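Asks: Please find one structure pasted underneath; my questions will follow.
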Amino acid sequence: MKSSVAVVVLAAGAGTRMKSALPKVLHPLAGWPMVRHVLETVARLKPAKVVGVVSPGAKAVQVAFAPYPTVVQAKPLGTGHAAKAALGALKGHRGPVLVVFGDAPLVTAATMRSLLAACAAEKAAVGVLGFRAADPTPYGRLILKDGELERIVESKDAVGAERDVDFCNSGVMCLDGALLAALLGGIGNDNVKGEYYLVDAVAVARGLGHRAIAVEGDEEEFQGINSRSELAVAEASLQWRLRAAALESGVTMTDPGTVWLAADTTFGSDVTIGPNVRFGPGVHVGSNVEIKAFCDIEGGRIGKGAIVGPFERIRPGSDVGEDVHIGNFVELKATKMGRGAKANHLAYLGDSDVGAGSNIGAGTIAVNYDGYGKYRTVVGADVFIGSNSSLVAPVKVGKGANVTAGSVITEDVPAGAVAFGRARQVTKKGRAAPLRAKLASRATAAKRAKKKK
Amino acid sequence: MKSSVAVVVLAAGAGTRMKSALPKVLHPLAGWPMVRHVLETVARLKPAKVVGVVSPGAKAVQVAFAPYPTVVQAKPLGTGHAAKAALGALKGHRGPVLVVFGDAPLVTAATMRSLLAACAAEKAAVGVLGFRAADPTPYGRLILKDGELERIVESKDAVGAERDVDFCNSGVMCLDGALLAALLGGIGNDNVKGEYYLVDAVAVARGLGHRAIAVEGDEEEFQGINSRSELAVAEASLQWRLRAAALESGVTMTDPGTVWLAADTTFGSDVTIGPNVRFGPGVHVGSNVEIKAFCDIEGGRIGKGAIVGPFERIRPGSDVGEDVHIGNFVELKATKMGRGAKANHLAYLGDSDVGAGSNIGAGTIAVNYDGYGKYRTVVGADVFIGSNSSLVAPVKVGKGANVTAGSVITEDVPAGAVAFGRARQVTKKGRAAPLRAKLASRATAAKRAKKKK
Amino acid sequence: MKSSVAVVVLAAGAGTRMKSALPKVLHPLAGWPMVRHVLETVARLKPAKVVGVVSPGAKAVQVAFAPYPTVVQAKPLGTGHAAKAALGALKGHRGPVLVVFGDAPLVTAATMRSLLAACAAEKAAVGVLGFRAADPTPYGRLILKDGELERIVESKDAVGAERDVDFCNSGVMCLDGALLAALLGGIGNDNVKGEYYLVDAVAVARGLGHRAIAVEGDEEEFQGINSRSELAVAEASLQWRLRAAALESGVTMTDPGTVWLAADTTFGSDVTIGPNVRFGPGVHVGSNVEIKAFCDIEGGRIGKGAIVGPFERIRPGSDVGEDVHIGNFVELKATKMGRGAKANHLAYLGDSDVGAGSNIGAGTIAVNYDGYGKYRTVVGADVFIGSNSSLVAPVKVGKGANVTAGSVITEDVPAGAVAFGRARQVTKKGRAAPLRAKLASRATAAKRAKKKK
């Protein structure tokens, strides 16, 4: 059931310190665009409405907000101005309005809920999330009095005892929807930059005789992202959350700090992960799977009991069945490996189906691309593909067939057949010496020629 | 010469927070099952006896204790009960009895010795290893009086000044063997859980008029392991010990935190290791070896002056000779490379012997498996194996032979011979355009067919 | 324009704690020999002269100093003695003489300049760089009085209030060139080791009625390197400087701590780097390049818009053109990839030129070496090289040609031609069963034979 809260996500900031052509809120974190983390978090509040505020021309940001609607802040005139841009979209909404930031993806749903609950309990017109800062210097301070939020002092304006206040403004706010137009409308721009600051809603509310409160959250959640360094810090925060959850659920990681997870990675029980494993989005790992060191896995399922890696790459659309073994320097792309199938050494399996119990020899290539189209290779169950073979798709190798090492397979192989496509060995006794003499003299001549140049 | 100490290793804990089907003490650390670290450490005390206490049905744990005997604690009734289970196995033992934990693998032999020495010097019936805790909250406190251990206060029972005591109980104890039955026999189970706590031996001893003492060790050594997170923390502790020893011995590591060692990894002098190298158990690295970034090495010897990696995998049973070069995307398994041999690019050498000075071309596969048996490939000295060749084992290539690129070698090649097994090139002028037209139209048709579905 | 400063770089230390045959100042940091960092830093002062002081027989160190001259300190009699060895080389120099250490590569040019500026401003005969030490215990203390450096107290000689002084001696000094001979000449060796300590120049100067001063720098800059552990710590310091600069310039790194840069790595804008990427010396990365996880890149250019990795190795002499795609398990060595060319899977391209728009199939090997000489493979534009092909160099494949999968190409392929060099497939129906029966019985026999041995 939906709650009565509406959420405004401010995502119109320029992000110039990112030095990037990509809008800031689209920079990826744990495999998702930054703003998607915010949207997934607010979705857990089951909000009645979500509205994004974006800058003009930010098509890609609007796409990232879908299915939520966005409004455009025509000019960058501050957070109060941005929130006001959402007024139309919130017309008729009477419940609380939570204002969050697209570039602050670490705020948890629990913290948002605690703000909403406190505003409801205390009948506050405005609620602000604050945090105790290790170093409050750069932040606005929340000045409390008799349990209410009296005012917010900008960092540069803090004097005397205010400087010692370590309770700081996160920017995240909850406004009473019934008062929204009045609160936002009351914010002025009588300041150096001539901008409208959302934080001034506190003064407006109090001026109108309403209550304002502040609720404490954890500093770590309020990290903003304004540069690539801060992006990396936020990524690390998210990664440690994801790793802690995986460890807690019974995943062993030799060195958790070298396992990179995506926001949606899921694990069964008794999974073991070696050092240096990267998960892109869309991976489910079944129980009793062992993922060895140095793997890169994205967009695929790994079945129970499978052994993967080291030096394995799994690309989107892959489905690794139960008890499958995938070894070193093997790439799977949009490939399904049936139960107990093996591809243990140096192979490329692209657009392939490999049947249960089949063995793919070292150096095998599924030749899925001819320069124009991509085709599938279908290998039945219990097939043995000899090493260094090329399976030129589209091609089928039937159940129980054998392909001998070094073969180029261009035609379908029926079930139970043996196929080969390689030249017979010819051995010339005593010919190595004259061949080597020829090669050596060619090398000498080549070096001489190079020198002359 | 054996000492007079007997060691009881408690390893019957359930480890439910590990959320694992594998018994806790068998979870691996630095390449060994956890309990093996404890056993290797106590072995350095040259104990007269070692007895493991395991839970019923823990066959795999008993195997891990071998050759040491184990006794079964029939029910999980506490550490005192567990220690009592070992009484029979210690019958007639009069020397000190050290009780350690299978899930506390970081305690050093030096610390154990300091406890044994103090107990002997002070004629203590009971000695306890303690540590100064950064945060003592979760631990039992050791209350000293006049140089003796007066009592141990459980964390939850600590009141007043006891709460400020930061000297905490590690659980590791030394008991006088002559008093063992009396000390353990005196422990009752008059507590909430109805369990027998080994720590109560302190009160029993003092009640019988004997001395109890406490000896301080380092907190880091007493980390227990109850969850996957704590397992990862212990792994990190062990890794930093191993890395520090390697650095001290003259190994350069670009980034030591990204080198994972096994407990038994050994190094010669002037070894250089790039970032991201994992050593499994059983590796010896000779002097002047350079291991480049991204290698995974397990169960093998690397000879003096060898250059290995990046992206190299060496599997058990391999022996890399002096001055050998192994390059990227190469896998060795149970393979011996003679002095100065080279395999620099994308190759699988499994179950192979490569003679001194031989060169294995890029893309070479030793075809060691036919679906039923595994066979060896034997390459003599000074052989040149052309790129993309397949050596179908069992097969021998004699000294000084040449195998040309792209060959499938199924028969032995005599010394000094040239062998090839590949088709002659055929070139059809002007045929690329019609071929491409055909491929393009096939691709178009395939796309159209897909859309119709 | 050159400044009036001369720099003496002391590099004659034995470095025994490194336990290495390699002279300490040649151990690499961020891809350069340690001393080169010092030389590059002092070069930024545009010095009139640079002189290295090396130990006898240290040819390799002299080479590392080139084009700067070196003098030999005949015996290891202390830093004062070492500095004196440079007197001849500085004959006639009247400007300031900066004395720095070849094993302290983290001191920045800004810090050196601040010392030079202070000495000039205060007309000091001697200036010393000091730092506030977190733990001053091991260091000599700088005792100031009335803004002058009164004396330096050796750590072991510090008594009373001197022990609380945390302003410590870095060893880096600036001496008045006009007084150089007098200052160095005045240093005696009346101490336990009978050595000449450069630090005594302070007392000499003051004894002669000149001023001595101390200038503060950051402790992090004065890390000395005496062991492999300290080498690793210095490497980490340098890496974080390089990473911070890259992040600041607009490079995204998923996990900056797992990106290893060389001192000379350069980046365009909007570059994205996944976890675990190592850059050796000599790499330039263009704008909008994406480097995925697990890459090792050295000595090459990567053009705008290229996508590289994961599991990619690029070796010196490579030139990856704009919009090129290089995928997993691919090695480039001295290879040029033209605009938009692709080599996406398991390939070795050594000594090759690949034309714009060409596609190199999976498993392709450029066979550049025949055991004697190395030759180039030249692939024209818009060529399609089928998978698992071997291109035996020297060989040319002309524009728009097609090479079919699994071919061994030994002769040039004209533009627009189709070339193949592979056997035709033969399929034997129903033959898998008898073949498998034969292989199974061979395996059984082999196992039996093994047992008998």
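Chain labels A, B, ... are given in the sequence in which chains occur in the structure tokens; within each chain residues are numbered consecutively from 1, and ligands are likewise numbered from 1 in the order shown.
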Find the nearest atom pair between each residue of stretch 278-395 of chain C and stretch 381-397 of chain B for residues within 12 Å, count only C-alpha atoms, give distances in Å to one decimal, sort rows by chain and ascending number, and present the table as a tab-separated table.

Replies:
residue	atom	partner	partner_atom	distance
C:Leu346	CA	B:Asn388	CA	11.8
C:Ala347	CA	B:Asn388	CA	10.5
C:Tyr348	CA	B:Ser387	CA	10.0
C:Leu349	CA	B:Ser387	CA	11.9
C:Gly363	CA	B:Asn388	CA	8.5
C:Thr364	CA	B:Asn388	CA	8.5
C:Ile365	CA	B:Ser387	CA	7.1
C:Ala366	CA	B:Ser387	CA	8.5
C:Val367	CA	B:Ser387	CA	6.2
C:Asn368	CA	B:Ser387	CA	9.2
C:Tyr369	CA	B:Gly386	CA	8.8
C:Asp370	CA	B:Gly386	CA	7.5
C:Gly371	CA	B:Phe384	CA	6.8
C:Tyr372	CA	B:Phe384	CA	10.3
C:Ser387	CA	B:Asn388	CA	11.4
C:Asn388	CA	B:Asn388	CA	7.7
C:Ser389	CA	B:Asn388	CA	8.1
C:Ser390	CA	B:Asn388	CA	6.8
C:Leu391	CA	B:Ser387	CA	9.4
C:Val392	CA	B:Ser387	CA	8.8
C:Ala393	CA	B:Ser387	CA	11.4

Asks: Please identify every residue of chain C that has at least one atom no farther than 8 Å from an atom of chain A, counting only C-alpha atoms, and for each give the shortest atom pair and the distance in Å to one decimal, arranged by chain then increasing number, as a tab-separated table.

Replies:
residue	atom	partner	partner_atom	distance
C:Ala244	CA	A:Ser229	CA	7.3
C:Leu247	CA	A:Arg228	CA	5.3
C:Glu248	CA	A:Arg228	CA	6.7
C:Ser249	CA	A:Lys19	CA	7.1
C:Gly250	CA	A:Lys19	CA	5.1
C:Val251	CA	A:Arg228	CA	6.7
C:Thr252	CA	A:Arg228	CA	5.7
C:Met253	CA	A:Ala232	CA	6.6
C:Thr254	CA	A:Ala232	CA	6.0
C:Asp255	CA	A:Ala232	CA	6.3
C:Pro256	CA	A:Ala232	CA	7.0
C:Ser269	CA	A:Ser20	CA	7.3
C:Asp270	CA	A:Ser20	CA	5.6
C:Pro275	CA	A:Arg278	CA	7.9
C:Asn276	CA	A:Asn276	CA	7.9
C:Ala293	CA	A:Asp296	CA	7.6
C:Phe294	CA	A:Phe294	CA	7.7
C:Pro310	CA	A:Asp296	CA	7.6
C:Phe311	CA	A:Phe311	CA	7.8
C:Asn328	CA	A:Glu331	CA	7.6
C:Phe329	CA	A:Phe329	CA	6.4
C:His345	CA	A:Tyr348	CA	7.0
C:Leu346	CA	A:Tyr348	CA	7.4
C:Asn359	CA	A:Gly371	CA	7.5
C:Ala362	CA	A:Ile365	CA	6.7
C:Gly363	CA	A:Ile365	CA	7.0
C:Asp370	CA	A:Leu439	CA	7.2
C:Gly371	CA	A:Leu439	CA	7.9
C:Tyr372	CA	A:Ala440	CA	5.4
C:Gly373	CA	A:Ala443	CA	4.6
C:Lys374	CA	A:Ala443	CA	7.6
C:Phe384	CA	A:Gly371	CA	6.8
C:Gly386	CA	A:Asp370	CA	7.5
C:Ser387	CA	A:Val367	CA	6.2
C:Asn388	CA	A:Ser390	CA	6.7
C:Ala405	CA	A:Ser390	CA	7.1
C:Gly406	CA	A:Val408	CA	6.1
C:Arg422	CA	A:Arg422	CA	6.5
C:Ala423	CA	A:Arg422	CA	4.7
C:Arg424	CA	A:Gly421	CA	5.3
C:Gln425	CA	A:Gly421	CA	3.9
C:Val426	CA	A:Phe420	CA	5.3
C:Thr427	CA	A:Ala419	CA	4.3
C:Lys428	CA	A:Val418	CA	5.2
C:Lys429	CA	A:Ala417	CA	4.2
C:Gly430	CA	A:Ala417	CA	4.7
C:Arg431	CA	A:Ala417	CA	5.2
C:Ala432	CA	A:Ala417	CA	5.0
C:Ala433	CA	A:Gly416	CA	6.6

Asks: For the helix (DSSP H, G or I) assignment from backbone DSSP, which residues of stretch 223-432 of chain C qualify? Please present them as a list in words.

Replies: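 Of stretch 223-432 of chain C, the ones in helix (DSSP H, G or I) are Arg228, Ser229, Glu230, Leu231, Ala232, Val233, Ala234, Glu235, Ala236, Ser237, Leu238, Gln239, Trp240, Arg241, Leu242, Arg243, Ala244, Ala245, Ala246, Leu247, Glu248, Pro256, Gly257, Thr258 and Ala432 of chain C.
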
Asks: For the selection just defined, write its residues with C-alpha atoms to a file, as a short mmCIF file (atom, residue, chain, number, x, y, z; two decimals), in the first residue's frame.

Replies:
data_model
loop_
_atom_site.label_atom_id
_atom_site.label_comp_id
_atom_site.auth_asym_id
_atom_site.auth_seq_id
_atom_site.Cartn_x
_atom_site.Cartn_y
_atom_site.Cartn_z
CA ARG C 228 61.41 -3.23 1.48
CA SER C 229 58.62 -2.27 3.87
CA GLU C 230 59.60 1.39 3.67
CA LEU C 231 59.87 1.03 -0.10
CA ALA C 232 56.28 -0.22 -0.16
CA VAL C 233 55.17 2.66 2.06
CA ALA C 234 56.85 5.19 -0.23
CA GLU C 235 55.30 3.53 -3.27
CA ALA C 236 51.89 3.89 -1.63
CA SER C 237 52.55 7.58 -0.90
CA LEU C 238 53.53 8.23 -4.49
CA GLN C 239 50.58 6.26 -5.82
CA TRP C 240 48.11 8.29 -3.77
CA ARG C 241 49.65 11.52 -5.07
CA LEU C 242 49.32 10.29 -8.64
CA ARG C 243 45.79 8.99 -8.09
CA ALA C 244 44.65 12.23 -6.49
CA ALA C 245 45.96 14.19 -9.46
CA ALA C 246 44.19 11.87 -11.90
CA LEU C 247 40.88 12.04 -10.00
CA GLU C 248 41.16 15.80 -9.80
CA PRO C 256 41.51 4.21 -6.77
CA GLY C 257 43.56 2.12 -4.34
CA THR C 258 43.69 -0.65 -6.94
CA ALA C 432 31.86 -41.61 -31.62
#

Asks: Using backbone DSSP assignments, extract all strand (DSSP E or B) residues from stretch 69-112 of chain C; output them as a list of chain:residue names.

Replies: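 So the strand (DSSP E or B) residues in stretch 69-112 of chain C would be C:Thr70, C:Val71, C:Val72, C:Pro96, C:Val97, C:Leu98, C:Val99, C:Val100, C:Phe101.
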
Asks: Using N, CA and C atoms, can you write the selected residues to a file as a short mmCIF file (atom, residue, chain, number, x, y, z; two decimals), in the first residue's frame?

Replies:
data_model
loop_
_atom_site.label_atom_id
_atom_site.label_comp_id
_atom_site.auth_asym_id
_atom_site.auth_seq_id
_atom_site.Cartn_x
_atom_site.Cartn_y
_atom_site.Cartn_z
N THR C 70 78.55 12.56 -11.79
CA THR C 70 78.63 12.00 -10.44
C THR C 70 80.08 12.04 -9.97
N VAL C 71 80.23 12.07 -8.68
CA VAL C 71 81.56 11.90 -8.08
C VAL C 71 81.47 10.69 -7.16
N VAL C 72 82.62 10.09 -6.90
CA VAL C 72 82.65 8.88 -6.09
C VAL C 72 83.11 9.21 -4.68
N PRO C 96 73.53 29.15 -3.68
CA PRO C 96 73.18 28.17 -2.66
C PRO C 96 73.42 26.74 -3.15
N VAL C 97 73.76 25.88 -2.22
CA VAL C 97 73.97 24.47 -2.53
C VAL C 97 72.95 23.66 -1.72
N LEU C 98 72.08 22.99 -2.46
CA LEU C 98 71.05 22.19 -1.81
C LEU C 98 71.54 20.75 -1.75
N VAL C 99 71.50 20.16 -0.58
CA VAL C 99 71.92 18.76 -0.45
C VAL C 99 70.70 17.90 -0.16
N VAL C 100 70.41 17.00 -1.09
CA VAL C 100 69.24 16.12 -0.93
C VAL C 100 69.69 14.67 -0.99
N PHE C 101 68.74 13.76 -0.76
CA PHE C 101 69.08 12.35 -0.64
C PHE C 101 68.42 11.52 -1.74
#

Asks: Please measure the separation of atom CA of C:Arg163 and atom CA of C:Ala124, giving the value in Å to one decimal.

Replies: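 So the two atoms, atom CA of C:Arg163 and atom CA of C:Ala124, lie 26.2 Å apart.
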
Asks: So, counting only C-alpha atoms, which residue among C:Leu115, C:Val107, C:Ala306, C:Val53 is closest to C:Val38?

Replies: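 Result for the nearest residue to C:Val38: C:Val107.
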
Asks: Could you work out how far atom CA of B:Gly286 lies from atom CA of B:Thr266, giving the answer in Å with one decimal?

Replies: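 Here the two named atoms are 8.3 Å from each other.
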
Asks: Stretch 154-159 of chain A: which residues within 7 Å, counting only C-alpha atoms, same-chain residues fewer than 2 positions away excluded, as a short mmCIF file (atom, residue, chain, number, x, y, z; two decimals) with N, CA, C and O atoms, in the first residue's frame?

Replies:
data_model
loop_
_atom_site.label_atom_id
_atom_site.label_comp_id
_atom_site.auth_asym_id
_atom_site.auth_seq_id
_atom_site.Cartn_x
_atom_site.Cartn_y
_atom_site.Cartn_z
N THR A 137 33.35 22.22 10.21
CA THR A 137 33.72 23.48 9.54
C THR A 137 32.93 23.78 8.27
O THR A 137 32.39 24.88 8.12
N PRO A 138 32.85 22.84 7.32
CA PRO A 138 32.22 23.25 6.06
C PRO A 138 30.70 23.31 6.07
O PRO A 138 30.12 23.74 5.07
N TYR A 139 30.04 22.91 7.14
CA TYR A 139 28.59 22.74 7.11
C TYR A 139 27.81 23.83 7.84
O TYR A 139 28.31 24.45 8.79
N GLY A 140 26.57 24.00 7.42
CA GLY A 140 25.63 24.82 8.17
C GLY A 140 25.29 24.12 9.48
O GLY A 140 25.18 22.89 9.51
N ARG A 141 25.14 24.91 10.57
CA ARG A 141 24.89 24.30 11.88
C ARG A 141 23.41 24.38 12.22
O ARG A 141 22.76 25.40 11.98
N ILE A 152 19.14 27.75 11.25
CA ILE A 152 20.32 27.13 10.65
C ILE A 152 21.30 28.25 10.34
O ILE A 152 20.95 29.23 9.69
N ALA A 161 29.80 30.51 20.19
CA ALA A 161 29.42 29.15 20.57
C ALA A 161 28.88 28.38 19.37
O ALA A 161 28.95 27.14 19.31
N GLU A 162 28.33 29.08 18.40
CA GLU A 162 27.80 28.41 17.22
C GLU A 162 28.87 27.60 16.48
O GLU A 162 28.59 26.56 15.90
N ARG A 163 30.09 28.13 16.54
CA ARG A 163 31.19 27.43 15.87
C ARG A 163 31.45 26.05 16.48
O ARG A 163 31.97 25.16 15.83
#

Asks: Within 10 Å of C:Ala83, counting only C-alpha atoms, which residues show up once you throw out same-chain ones fewer than 2 positions away? Write them as a PyMOL selection string, please.

Replies: chain C and resi 8-10+51-53+71+73+78-81+85-87+99-100+180+184+196-198

Asks: To one decimal place, how far is atom CA of C:Ser318 from atom CA of A:Lys453 in Å?

Replies: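 Result for atom CA of C:Ser318 versus atom CA of A:Lys453: 21.7 Å, one decimal.
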
Asks: For C:Ile307, which residue out of C:Val204, C:Leu332, C:Ile143, C:Val271 is the nearest one, using only C-alpha atoms?

Replies: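 Comparing C:Val204, C:Leu332, C:Ile143, C:Val271 against C:Ile307, the winner is C:Val271.
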